[in-house]
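Colleague: What follows is model38.txt, made up of compact mmCIF, C-alpha atoms and all ligand atoms:
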# COMPACT_ATOMS: atom_id res chain seq x y z
CA MET A 3 23.73 -1.20 -2.15
CA SER A 4 23.43 -3.91 0.49
CA ARG A 5 25.42 -7.12 0.55
CA PHE A 6 22.16 -9.06 0.08
CA LEU A 7 21.34 -7.86 -3.44
CA THR A 8 21.71 -10.68 -5.96
CA ALA A 9 24.72 -10.49 -8.25
CA SER A 10 22.65 -9.97 -11.40
CA LYS A 11 20.65 -7.10 -9.84
CA ALA A 12 23.81 -5.48 -8.51
CA GLN A 13 24.88 -5.01 -12.13
CA LEU A 14 21.73 -3.24 -13.29
CA THR A 15 21.93 0.17 -14.93
CA GLU A 16 18.81 2.06 -13.89
CA TYR A 17 16.65 4.17 -16.17
CA VAL A 18 17.29 7.84 -15.43
CA PRO A 19 13.99 9.77 -15.63
CA GLY A 20 14.09 13.43 -16.67
CA GLU A 21 14.44 15.80 -13.77
CA GLN A 22 11.17 16.76 -11.99
CA PRO A 23 11.92 20.13 -10.39
CA LYS A 24 9.65 22.08 -8.02
CA ARG A 25 6.53 23.31 -9.77
CA GLY A 26 6.92 26.74 -11.32
CA GLU A 27 10.70 26.80 -11.00
CA PHE A 28 11.33 26.03 -14.68
CA ILE A 29 9.56 26.00 -18.01
CA LYS A 30 9.57 22.22 -18.09
CA LEU A 31 10.26 20.80 -21.55
CA ASN A 32 12.34 17.76 -20.62
CA THR A 33 9.95 14.81 -20.28
CA ASN A 34 7.45 15.23 -23.14
CA GLU A 35 4.55 15.90 -20.81
CA ASN A 36 1.43 17.60 -22.15
CA PRO A 37 1.36 21.28 -21.15
CA PHE A 38 -2.43 21.09 -20.77
CA PRO A 39 -4.07 19.47 -17.70
CA PRO A 40 -6.78 16.79 -17.90
CA SER A 41 -10.21 18.28 -18.71
CA ALA A 42 -11.91 20.21 -15.88
CA GLU A 43 -14.78 17.72 -16.02
CA ALA A 44 -12.43 14.79 -15.43
CA VAL A 45 -10.71 16.49 -12.52
CA LYS A 46 -14.03 17.41 -10.92
CA GLY A 47 -15.28 13.83 -10.88
CA VAL A 48 -12.21 12.26 -9.27
CA GLY A 49 -13.35 13.13 -5.75
CA ASP A 50 -16.39 10.85 -6.00
CA VAL A 51 -14.18 7.99 -7.12
CA ALA A 52 -11.71 8.68 -4.30
CA ALA A 53 -14.59 8.47 -1.81
CA GLN A 54 -14.83 4.74 -2.62
CA LEU A 55 -11.16 3.85 -2.40
CA ASN A 56 -11.82 1.52 0.55
CA ILE A 57 -13.08 -0.96 -2.07
CA TYR A 58 -10.62 -2.68 -4.41
CA ASN A 59 -10.54 -1.40 -7.96
CA ASP A 60 -11.89 -3.30 -10.98
CA THR A 61 -9.09 -5.63 -12.16
CA LYS A 62 -10.69 -5.82 -15.61
CA CYS A 63 -11.06 -2.03 -16.07
CA THR A 64 -14.54 -2.81 -17.43
CA ARG A 65 -15.89 0.68 -18.15
CA LEU A 66 -12.57 2.01 -19.45
CA THR A 67 -12.19 -1.03 -21.70
CA GLU A 68 -15.69 -0.58 -23.14
CA VAL A 69 -15.19 3.11 -23.86
CA PHE A 70 -11.72 2.54 -25.34
CA ALA A 71 -12.70 -0.46 -27.48
CA ASP A 72 -15.71 1.39 -28.82
CA TYR A 73 -13.63 4.50 -29.65
CA HIS A 74 -10.96 2.53 -31.48
CA GLY A 75 -13.28 -0.01 -33.08
CA VAL A 76 -11.64 -3.08 -31.55
CA ASP A 77 -13.06 -5.95 -29.46
CA SER A 78 -12.88 -5.64 -25.66
CA ASP A 79 -10.91 -8.86 -25.37
CA CYS A 80 -8.23 -7.37 -27.62
CA VAL A 81 -7.31 -4.68 -25.05
CA ILE A 82 -5.37 -4.67 -21.77
CA PHE A 83 -4.53 -1.72 -19.50
CA SER A 84 -1.54 -1.23 -17.26
CA ASN A 85 0.13 1.09 -14.80
CA GLY A 86 1.77 3.18 -17.50
CA SER A 87 2.93 1.67 -20.77
CA ASP A 88 6.31 0.84 -19.25
CA GLU A 89 4.47 -1.87 -17.33
CA ILE A 90 2.87 -3.31 -20.49
CA LEU A 91 6.33 -3.40 -22.07
CA ALA A 92 7.55 -5.29 -19.00
CA PHE A 93 4.69 -7.78 -19.42
CA CYS A 94 5.73 -8.28 -23.06
CA TYR A 95 9.34 -8.98 -22.06
CA LEU A 96 8.17 -11.46 -19.42
CA ALA A 97 5.78 -13.18 -21.82
CA TYR A 98 7.85 -13.45 -24.98
CA CYS A 99 11.56 -12.89 -24.34
CA ASP A 100 14.44 -14.54 -22.56
CA MET A 101 18.07 -15.46 -23.32
CA GLN A 102 17.01 -17.84 -26.13
CA ASN A 103 14.17 -15.70 -27.45
CA GLY A 104 15.95 -12.44 -28.02
CA LEU A 105 14.73 -8.95 -28.74
CA LEU A 106 15.76 -6.38 -31.35
CA TYR A 107 15.35 -2.59 -31.13
CA PRO A 108 16.99 0.51 -32.61
CA GLU A 109 20.29 1.69 -31.14
CA ILE A 110 18.87 5.16 -30.56
CA THR A 111 15.47 4.79 -28.91
CA TYR A 112 13.60 4.84 -25.61
CA GLY A 113 16.11 4.06 -22.85
CA PHE A 114 13.84 1.66 -21.04
CA TYR A 115 14.18 -1.03 -23.71
CA GLU A 116 17.78 -1.69 -22.73
CA VAL A 117 17.08 -1.34 -19.01
CA PHE A 118 14.37 -4.01 -19.25
CA SER A 119 16.64 -6.29 -21.29
CA ARG A 120 19.03 -6.36 -18.32
CA LEU A 121 16.40 -6.55 -15.59
CA PHE A 122 14.58 -9.46 -17.23
CA GLU A 123 17.81 -11.07 -18.48
CA VAL A 124 16.72 -10.94 -22.07
CA ASN A 125 19.07 -11.17 -25.01
CA GLY A 126 18.48 -7.63 -26.32
CA ALA A 127 20.31 -6.43 -29.44
CA GLU A 128 20.48 -2.97 -31.00
CA VAL A 129 20.32 -2.01 -34.67
CA PRO A 130 22.07 1.24 -35.69
CA LEU A 131 19.90 3.88 -37.32
CA CYS A 132 20.82 5.23 -40.77
CA ASP A 133 22.94 8.39 -40.87
CA ASP A 134 19.81 10.53 -41.16
CA PHE A 135 18.43 8.87 -37.97
CA THR A 136 15.77 6.93 -39.87
CA ILE A 137 15.09 3.22 -39.36
CA ASN A 138 15.94 0.87 -42.25
CA ILE A 139 13.07 -1.62 -42.01
CA LYS A 140 15.01 -4.35 -43.86
CA ASP A 141 17.36 -4.59 -40.86
CA TYR A 142 14.41 -6.15 -38.99
CA PHE A 143 13.25 -8.63 -41.65
CA GLY A 144 13.55 -12.28 -40.64
CA CYS A 145 15.55 -11.37 -37.56
CA ASN A 146 14.28 -14.35 -35.58
CA ARG A 147 13.72 -12.23 -32.48
CA THR A 148 10.93 -10.17 -31.00
CA VAL A 149 11.01 -6.72 -32.62
CA LEU A 150 10.39 -3.61 -30.52
CA ILE A 151 10.09 -0.24 -32.25
CA ALA A 152 8.80 3.09 -30.96
CA ASN A 153 6.74 4.79 -33.67
CA PRO A 154 7.36 7.71 -33.85
CA ASN A 155 10.78 6.89 -32.46
CA ALA A 156 12.13 8.74 -29.45
CA PRO A 157 14.17 10.91 -29.15
CA THR A 158 14.25 11.46 -32.92
CA GLY A 159 10.50 12.00 -33.44
CA ILE A 160 10.78 10.30 -36.84
CA ALA A 161 7.91 7.97 -37.76
CA LEU A 162 7.66 4.92 -40.00
CA SER A 163 4.68 4.71 -42.36
CA LEU A 164 1.96 2.14 -41.80
CA ASP A 165 3.16 0.32 -44.89
CA GLU A 166 6.69 0.04 -43.47
CA ILE A 167 5.35 -1.29 -40.18
CA GLU A 168 3.30 -3.86 -42.09
CA GLN A 169 6.41 -4.97 -43.99
CA ILE A 170 8.21 -5.60 -40.68
CA ILE A 171 5.25 -7.66 -39.45
CA ILE A 172 4.96 -9.70 -42.66
CA ASN A 173 8.67 -10.42 -42.67
CA ASN A 174 8.65 -11.78 -39.10
CA PRO A 175 5.69 -14.18 -39.21
CA ASN A 176 7.03 -16.35 -36.38
CA ASN A 177 7.99 -13.55 -34.03
CA ILE A 178 6.15 -10.89 -32.11
CA VAL A 179 6.41 -7.30 -33.36
CA ILE A 180 5.75 -4.67 -30.67
CA ILE A 181 5.03 -1.12 -31.82
CA ASP A 182 5.27 1.45 -29.01
CA GLU A 183 2.92 4.26 -30.01
CA ALA A 184 3.52 6.63 -27.09
CA TYR A 185 3.46 9.64 -29.47
CA ILE A 186 1.20 8.43 -32.28
CA ALA A 187 -1.56 11.01 -31.69
CA PHE A 188 0.75 13.84 -32.73
CA GLY A 189 0.81 12.88 -36.38
CA GLY A 190 1.77 9.26 -37.15
CA ASP A 191 -0.52 6.50 -38.41
CA SER A 192 -1.50 3.97 -35.75
CA ALA A 193 -0.88 0.30 -36.48
CA MET A 194 -3.88 -0.61 -34.31
CA PRO A 195 -6.07 -1.65 -37.27
CA LEU A 196 -3.39 -4.17 -38.31
CA THR A 197 -3.92 -6.11 -35.07
CA LYS A 198 -7.06 -7.55 -36.71
CA LYS A 199 -5.03 -8.85 -39.62
CA TYR A 200 -1.85 -10.18 -37.97
CA ASP A 201 -1.57 -12.49 -34.98
CA ASN A 202 2.02 -11.40 -34.19
CA LEU A 203 1.47 -7.67 -33.65
CA ILE A 204 1.17 -5.88 -30.30
CA VAL A 205 0.43 -2.15 -30.34
CA VAL A 206 1.39 -0.47 -27.06
CA GLY A 207 0.27 3.02 -26.08
CA THR A 208 0.01 5.42 -23.18
CA PHE A 209 -2.26 8.13 -21.78
CA SER A 210 0.84 9.94 -20.47
CA LYS A 211 1.60 12.16 -23.42
CA ALA A 212 -1.30 13.07 -25.75
CA ARG A 213 -3.95 12.44 -23.07
CA SER A 214 -2.37 14.64 -20.37
CA MET A 215 -2.22 11.85 -17.78
CA ALA A 216 1.49 11.25 -17.10
CA GLY A 217 0.99 11.41 -13.34
CA ALA A 218 -2.00 9.03 -13.39
CA ARG A 219 -0.07 6.12 -14.99
CA LEU A 220 -2.20 4.51 -17.69
CA GLY A 221 -0.89 2.41 -20.55
CA TYR A 222 -2.48 -0.15 -22.86
CA ALA A 223 -1.85 -2.83 -25.41
CA VAL A 224 -4.07 -3.82 -28.33
CA ALA A 225 -3.50 -7.16 -30.05
CA ASN A 226 -5.37 -10.29 -31.03
CA SER A 227 -7.21 -11.88 -28.11
CA GLU A 228 -4.72 -14.73 -27.65
CA LEU A 229 -1.84 -12.32 -27.16
CA ILE A 230 -3.93 -10.24 -24.76
CA ALA A 231 -4.70 -13.44 -22.82
CA ASP A 232 -0.91 -14.03 -22.54
CA LEU A 233 -0.39 -10.54 -21.18
CA ASN A 234 -3.27 -10.99 -18.72
CA ARG A 235 -1.61 -14.19 -17.54
CA ILE A 236 1.44 -12.13 -16.61
CA LYS A 237 -0.61 -9.30 -15.09
CA PHE A 238 -2.66 -11.66 -12.91
CA SER A 239 0.54 -13.38 -11.80
CA PHE A 240 2.08 -10.10 -10.74
CA ASN A 241 -0.39 -7.32 -9.79
CA PRO A 242 -4.04 -7.76 -10.79
CA TYR A 243 -4.90 -4.33 -9.29
CA ASN A 244 -2.37 -2.45 -11.40
CA VAL A 245 -4.67 0.35 -12.62
CA ASN A 246 -6.18 2.30 -9.73
CA ALA A 247 -9.84 3.39 -9.71
CA MET A 248 -9.14 7.12 -10.19
CA THR A 249 -6.95 6.44 -13.20
CA GLN A 250 -9.58 4.16 -14.75
CA TYR A 251 -12.13 6.94 -14.31
CA LEU A 252 -9.85 9.65 -15.73
CA GLY A 253 -8.97 7.48 -18.73
CA ALA A 254 -12.62 6.89 -19.62
CA VAL A 255 -13.50 10.59 -19.33
CA SER A 256 -10.50 11.50 -21.48
CA ILE A 257 -11.85 9.34 -24.29
CA GLU A 258 -15.39 10.61 -23.86
CA ARG A 259 -14.21 14.25 -24.00
CA ASP A 260 -12.76 13.77 -27.47
CA ASP A 261 -13.22 17.46 -28.34
CA TYR A 262 -10.93 18.55 -25.51
CA PHE A 263 -8.33 15.91 -26.39
CA LYS A 264 -8.26 16.91 -30.05
CA GLN A 265 -8.10 20.61 -29.20
CA CYS A 266 -5.00 20.04 -27.00
CA VAL A 267 -3.27 17.81 -29.55
CA ASN A 268 -3.98 20.20 -32.46
CA GLU A 269 -2.59 23.11 -30.49
CA ILE A 270 0.63 21.20 -29.67
CA VAL A 271 1.09 20.15 -33.29
CA SER A 272 0.63 23.68 -34.58
CA VAL A 273 3.01 25.11 -31.96
CA ARG A 274 5.55 22.40 -32.87
CA ASP A 275 5.47 23.32 -36.55
CA TRP A 276 5.77 27.03 -35.74
CA PHE A 277 8.68 26.36 -33.34
CA VAL A 278 10.64 24.29 -35.87
CA CYS A 279 10.41 27.17 -38.40
CA GLU A 280 11.50 29.74 -35.83
CA ILE A 281 14.60 27.85 -34.67
CA ALA A 282 15.51 27.05 -38.28
CA LYS A 283 15.94 30.82 -38.75
CA LEU A 284 18.53 30.62 -35.93
CA GLY A 285 20.45 27.85 -37.70
CA PHE A 286 19.04 24.82 -35.88
CA ARG A 287 18.55 21.65 -37.91
CA THR A 288 15.59 19.68 -36.58
CA LEU A 289 14.73 16.09 -37.44
CA PRO A 290 11.23 15.80 -38.98
CA SER A 291 9.13 15.16 -35.88
CA LEU A 292 5.66 13.67 -35.70
CA ALA A 293 5.79 13.72 -31.89
CA ASN A 294 5.28 16.36 -29.17
CA PHE A 295 9.02 16.99 -28.99
CA VAL A 296 11.78 17.91 -31.42
CA PHE A 297 15.36 16.69 -31.67
CA THR A 298 17.49 19.52 -32.88
CA THR A 299 21.14 20.44 -33.42
CA HIS A 300 23.24 23.51 -34.22
CA ASP A 301 26.58 23.45 -36.05
CA SER A 302 28.35 25.67 -33.56
CA LEU A 303 26.97 24.31 -30.28
CA SER A 304 26.97 21.00 -28.45
CA GLY A 305 23.78 19.62 -26.93
CA LYS A 306 25.18 20.22 -23.48
CA GLU A 307 25.90 23.89 -24.25
CA VAL A 308 22.35 24.46 -25.44
CA TYR A 309 21.01 22.60 -22.41
CA ASN A 310 23.11 24.68 -19.99
CA HIS A 311 22.21 27.97 -21.62
CA LEU A 312 18.48 27.20 -21.53
CA ARG A 313 18.78 25.99 -17.97
CA ASN A 314 20.28 29.32 -16.93
CA ASP A 315 17.18 30.90 -18.42
CA LYS A 316 15.03 28.56 -16.34
CA ILE A 317 14.05 26.35 -19.28
CA LEU A 318 14.59 22.63 -18.83
CA VAL A 319 15.23 20.42 -21.88
CA ARG A 320 17.05 17.10 -22.30
CA TYR A 321 20.38 16.17 -23.81
CA PHE A 322 21.92 12.73 -24.11
CA ASP A 323 25.53 11.66 -23.79
CA GLY A 324 25.83 9.08 -26.60
CA GLU A 325 28.40 9.76 -29.34
CA LYS A 326 25.78 10.01 -32.10
CA VAL A 327 23.36 12.24 -30.19
CA LYS A 328 25.59 14.51 -28.11
CA ASP A 329 25.18 17.44 -30.52
CA PHE A 330 21.38 17.37 -30.11
CA VAL A 331 18.88 18.49 -27.54
CA ARG A 332 15.38 17.12 -27.19
CA ILE A 333 12.84 19.85 -26.54
CA SER A 334 9.26 18.96 -25.57
CA ILE A 335 6.57 21.16 -27.08
CA GLY A 336 4.85 23.24 -24.41
CA THR A 337 2.37 26.09 -24.75
CA LYS A 338 2.95 28.81 -27.33
CA SER A 339 4.28 31.14 -24.63
CA ASP A 340 6.69 28.42 -23.38
CA MET A 341 8.07 28.06 -26.89
CA VAL A 342 8.29 31.81 -27.46
CA ALA A 343 10.49 31.89 -24.36
CA VAL A 344 12.72 29.15 -25.82
CA VAL A 345 13.08 31.00 -29.13
CA GLU A 346 13.98 34.21 -27.28
CA SER A 347 16.53 32.45 -25.11
CA LEU A 348 18.15 30.70 -28.09
CA SER A 349 18.37 33.90 -30.12
CA LYS A 350 20.04 35.63 -27.16
CA MET A 351 22.60 32.84 -26.99
CA LEU A 352 23.48 33.14 -30.66
C1 LIG B 401 6.95 8.16 -22.36
C2 LIG B 401 7.18 6.88 -23.11
C3 LIG B 401 6.68 5.67 -22.63
C4 LIG B 401 6.18 5.49 -21.23
O1 LIG B 401 5.03 5.97 -20.96
P1 LIG B 401 4.32 5.68 -19.57
O2 LIG B 401 2.98 5.24 -20.00
O3 LIG B 401 4.34 6.99 -18.87
O4 LIG B 401 5.04 4.59 -18.82
C5 LIG B 401 6.81 4.54 -23.42
N1 LIG B 401 7.45 4.58 -24.57
C6 LIG B 401 8.00 5.71 -25.04
C7 LIG B 401 8.72 5.69 -26.35
C8 LIG B 401 7.89 6.89 -24.31
O5 LIG B 401 8.48 7.99 -24.74
Spit out the file's structure as structure tokens when you get a sec.
Modeller:
Amino acid sequence: MSRFLTASKAQLTEYVPGEQPKRGEFIKLNTNENPFPPSAEAVKGVGDVAAQLNIYNDTKCTRLTEVFADYHGVDSDCVIFSNGSDEILAFCYLAYCDMQNGLLYPEITYGFYEVFSRLFEVNGAEVPLCDDFTINIKDYFGCNRTVLIANPNAPTGIALSLDEIEQIIINNPNNIVIIDEAYIAFGGDSAMPLTKKYDNLIVVGTFSKARSMAGARLGYAVANSELIADLNRIKFSFNPYNVNAMTQYLGAVSIERDDYFKQCVNEIVSVRDWFVCEIAKLGFRTLPSLANFVFTTHDSLSGKEVYNHLRNDKILVRYFDGEKVKDFVRISIGTKSDMVAVVESLSKML
């Protein structure tokens, strides 16, 4: 750290991304990536887009917006894209939160929420989960702050129903409710349709997980057009060219190749359900996940022990240090053969 860094930035705690080892070194189940690549058709077309990179990209993501809005049945002016959904979340913090206008999120959730609270000097507060790791929606009613909830939540994988989400929105009519749907395609119900009914709802999503595009960086928000105009105000005051041309192209093809997308998602969901049954036979208790990862615990092992054992077998998963989660590991769902390897390694350990 240099002596020039401002005092507030010198105190930041950075987000720690999951390890990205050399390709092929590990079975990589630590960052909830999709085990399947983008469609062959998408990959093939990128070269033509790259050939025109001397020209600036479309700041409005026109074609991607049209394809996306049509697919989801929303108006084009109710959509904004970003360089990963982390960036959209940052835009939301900048637009709606500060020390007076605070923010509320679950105590156990995506680590970036707290990191952003510090970076943007926002009054961020945490609500404990219930003992079974579920969210009690009443904790968020009339809270007089912006509400930010990942649905399904991470790292638990537990989802709220659409009705519960709606209750949170109705009970905070004068505050923004942000629903982070990074994992919604793996089984939860999207709140996107509610954006037509409520002017205080922002649904945030990403192409990183279900759409196999983590390395391309594409996120989005859907909300009523006034909220989207707010977010565009931030975007055009910061980096109008935030979504590069190749990513815009890949995103549009991903939506057009709906068959390939659904095939990948269905496979992950069926492997997840198989995997949960298999590790239950070994004594693991797994929270009910509607995501592409599971959060699981064993009475006789700490999360770190499971992590270390799997790591020795060249399988990378994630464990967290917090008091309430230290007995768990989070395991992303890979291909069937990846998960067979995990089951074999865990049975060896026990
Ligand atoms: C992965 C993840 C994101 C970030 O996705 P990017 O689009 O890759 O930035 C956002 N929210 C949650 C809950 C996530 O798990």
Colleague: Measuring between all atoms listed in the file, which one of A:Gly113, A:Gly336, A:Pro39, A:Gly75 shows the shortest distance to ligand LIG 401 (chain B)?
Modeller: A:Gly113
Colleague: Distance atom CA of Val344 of chain A-atom CA of Asp301 of chain A, one decimal place?
Modeller: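 For atom CA of Val344 of chain A relative to atom CA of Asp301 of chain A, the distance reads 18.1 Å.
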Colleague: Skipping near chain neighbours, those fewer than 4 positions away, what residues fall within 7 Å of segment 31-38 of chain A using only C-alpha atoms, listed as a list of chain:residue names?
Modeller: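 Listed by chain and then number, they are A:Gly20, A:Lys211, A:Ala212, A:Ser214, A:Ala216, A:Cys266, A:Asn294, A:Phe295, A:Leu318, A:Val319, A:Arg320, A:Ile333, A:Ser334, A:Ile335, A:Gly336, A:Thr337.
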Colleague: Could you save the residues just selected, with C-alpha atoms, as an mmCIF file, in the frame of the given file?
Modeller:
data_model
loop_
_atom_site.group_PDB
_atom_site.id
_atom_site.type_symbol
_atom_site.label_atom_id
_atom_site.label_comp_id
_atom_site.auth_asym_id
_atom_site.auth_seq_id
_atom_site.Cartn_x
_atom_site.Cartn_y
_atom_site.Cartn_z
ATOM 1 C CA GLY A 20 14.090 13.430 -16.670
ATOM 2 C CA LYS A 211 1.600 12.160 -23.420
ATOM 3 C CA ALA A 212 -1.300 13.070 -25.750
ATOM 4 C CA SER A 214 -2.370 14.640 -20.370
ATOM 5 C CA ALA A 216 1.490 11.250 -17.100
ATOM 6 C CA CYS A 266 -5.000 20.040 -27.000
ATOM 7 C CA ASN A 294 5.280 16.360 -29.170
ATOM 8 C CA PHE A 295 9.020 16.990 -28.990
ATOM 9 C CA LEU A 318 14.590 22.630 -18.830
ATOM 10 C CA VAL A 319 15.230 20.420 -21.880
ATOM 11 C CA ARG A 320 17.050 17.100 -22.300
ATOM 12 C CA ILE A 333 12.840 19.850 -26.540
ATOM 13 C CA SER A 334 9.260 18.960 -25.570
ATOM 14 C CA ILE A 335 6.570 21.160 -27.080
ATOM 15 C CA GLY A 336 4.850 23.240 -24.410
ATOM 16 C CA THR A 337 2.370 26.090 -24.750
#
Colleague: Can you tell me which residues surround Ile90 of chain A at a distance of at most 12 Å, considering only C-alpha atoms, apart from same-chain residues fewer than 6 positions away, and format the answer as a PyMOL selection string?
Modeller: chain A and resi 81-84+96-97+115+118+180-182+184+204-208+219-224+230+232-234+236-237+240-241+244-245
Colleague: Near Leu164 of chain A, counting all atoms listed in the file, which residues have an atom at most 7 Å away, once you skip same-chain residues fewer than 2 positions from it, shown as a list of chain:residue names?
Modeller: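 The residues that qualify are A:Leu162, A:Glu166, A:Ile167, A:Glu168, A:Asp191, A:Ala193.
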Colleague: What's around Phe188 of chain A at 8 Å? Count all atoms listed in the file, leave out sequence neighbours fewer than 4 positions away in its own chain, and write the answer as a VMD selection string.
Modeller: chain A and resid 212 267 to 268 270 to 271 292 to 294
Colleague: Based on the selection just made, write C-alpha atoms of those residues as a tab-separated table (two decimals), in the coordinates of the input.
Modeller:
chain	number	residue	atom	x	y	z
A	212	ALA	CA	-1.30	13.07	-25.75
A	267	VAL	CA	-3.27	17.81	-29.55
A	268	ASN	CA	-3.98	20.20	-32.46
A	270	ILE	CA	0.63	21.20	-29.67
A	271	VAL	CA	1.09	20.15	-33.29
A	292	LEU	CA	5.66	13.67	-35.70
A	293	ALA	CA	5.79	13.72	-31.89
A	294	ASN	CA	5.28	16.36	-29.17
Colleague: Which residue is closest to Cys80 of chain A? Choose from A:Cys132, A:Ile170, A:Ala225, A:Leu55 and count all atoms listed in the file.
Modeller: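 Among the listed residues, the smallest separation from Cys80 of chain A belongs to A:Ala225.
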Colleague: So the first atom is atom CA of Pro290 of chain A and the second is atom CA of Ser272 of chain A; what is the distance between them in Å, to one decimal place?
Modeller: 13.9 Å
Colleague: Smallest atom-to-atom distance to ligand LIG 401 (chain B): which of A:Leu289, A:Val296, A:Ile151, A:Leu303, using all atoms listed in the file?
Modeller: A:Ile151
Colleague: If we count all atoms listed in the file and set the cut-off at 10 Å, which residues sit around His74 of chain A, ignoring sequence neighbours fewer than 6 positions away in its own chain? Please answer as a ChimeraX atom specification.
Modeller: /A:194-195,224,257
Colleague: Given the choices A:Lys198, A:Ala187, A:Asn146, A:Asp79, which gets closest to Asn173 of chain A if the distance is worked out from only C-alpha atoms?
Modeller: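 Selected residue with least distance to Asn173 of chain A: A:Asn146.
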Colleague: Given the choices A:Tyr185, A:Tyr142, A:Tyr73, A:Phe322, which gets closest to ligand LIG 401 (chain B) if the distance is worked out from all atoms listed in the file?
Modeller: A:Tyr185
Colleague: Restricting the calculation to only C-alpha atoms and all ligand atoms: of A:Asn202, A:Asn246, A:Thr299, A:Asn153, which residue gets closest to ligand LIG 401 (chain B)?
Modeller: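 Looking at the shortest contact to ligand LIG 401 (chain B), the residue is A:Asn153.
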Colleague: Just give me the gap between atom C7 of ligand LIG 401 (chain B) and atom CA of Pro108 of chain A in Å, one decimal is fine.
Modeller: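 Atom CA of Pro108 of chain A lies at a distance of 11.6 Å from atom C7 of ligand LIG 401 (chain B).
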Colleague: Got a minute to add N, CA and C atoms to segment 99-114 of chain A and dump it as a compact mmCIF listing (two decimals), keeping the file's coordinate frame?
Modeller:
# COMPACT_ATOMS: atom_id res chain seq x y z
N CYS A 99 10.11 -13.00 -24.13
CA CYS A 99 11.56 -12.89 -24.34
C CYS A 99 12.34 -13.52 -23.19
N ASP A 100 13.46 -14.11 -23.55
CA ASP A 100 14.44 -14.54 -22.56
C ASP A 100 15.80 -14.63 -23.25
N MET A 101 16.74 -15.41 -22.70
CA MET A 101 18.07 -15.46 -23.32
C MET A 101 18.03 -16.16 -24.69
N GLN A 102 17.13 -17.16 -24.83
CA GLN A 102 17.01 -17.84 -26.13
C GLN A 102 16.20 -17.00 -27.11
N ASN A 103 15.06 -16.49 -26.60
CA ASN A 103 14.17 -15.70 -27.45
C ASN A 103 14.52 -14.22 -27.30
N GLY A 104 15.40 -13.79 -28.16
CA GLY A 104 15.95 -12.44 -28.02
C GLY A 104 15.01 -11.36 -28.52
N LEU A 105 15.52 -10.14 -28.43
CA LEU A 105 14.73 -8.95 -28.74
C LEU A 105 15.61 -8.01 -29.55
N LEU A 106 15.01 -7.30 -30.49
CA LEU A 106 15.76 -6.38 -31.35
C LEU A 106 15.09 -5.01 -31.32
N TYR A 107 15.90 -3.96 -31.11
CA TYR A 107 15.35 -2.59 -31.13
C TYR A 107 16.42 -1.64 -31.66
N PRO A 108 16.01 -0.43 -32.05
CA PRO A 108 16.99 0.51 -32.61
C PRO A 108 18.02 0.92 -31.55
N GLU A 109 19.21 1.28 -32.04
CA GLU A 109 20.29 1.69 -31.14
C GLU A 109 19.94 3.00 -30.43
N ILE A 110 19.30 3.90 -31.18
CA ILE A 110 18.87 5.16 -30.56
C ILE A 110 17.37 5.09 -30.41
N THR A 111 16.91 4.92 -29.16
CA THR A 111 15.47 4.79 -28.91
C THR A 111 15.20 5.02 -27.44
N TYR A 112 14.01 4.67 -26.99
CA TYR A 112 13.60 4.84 -25.61
C TYR A 112 14.51 4.01 -24.69
N GLY A 113 15.10 4.69 -23.70
CA GLY A 113 16.11 4.06 -22.85
C GLY A 113 15.65 2.85 -22.06
N PHE A 114 14.34 2.76 -21.86
CA PHE A 114 13.84 1.66 -21.04
C PHE A 114 14.02 0.29 -21.70
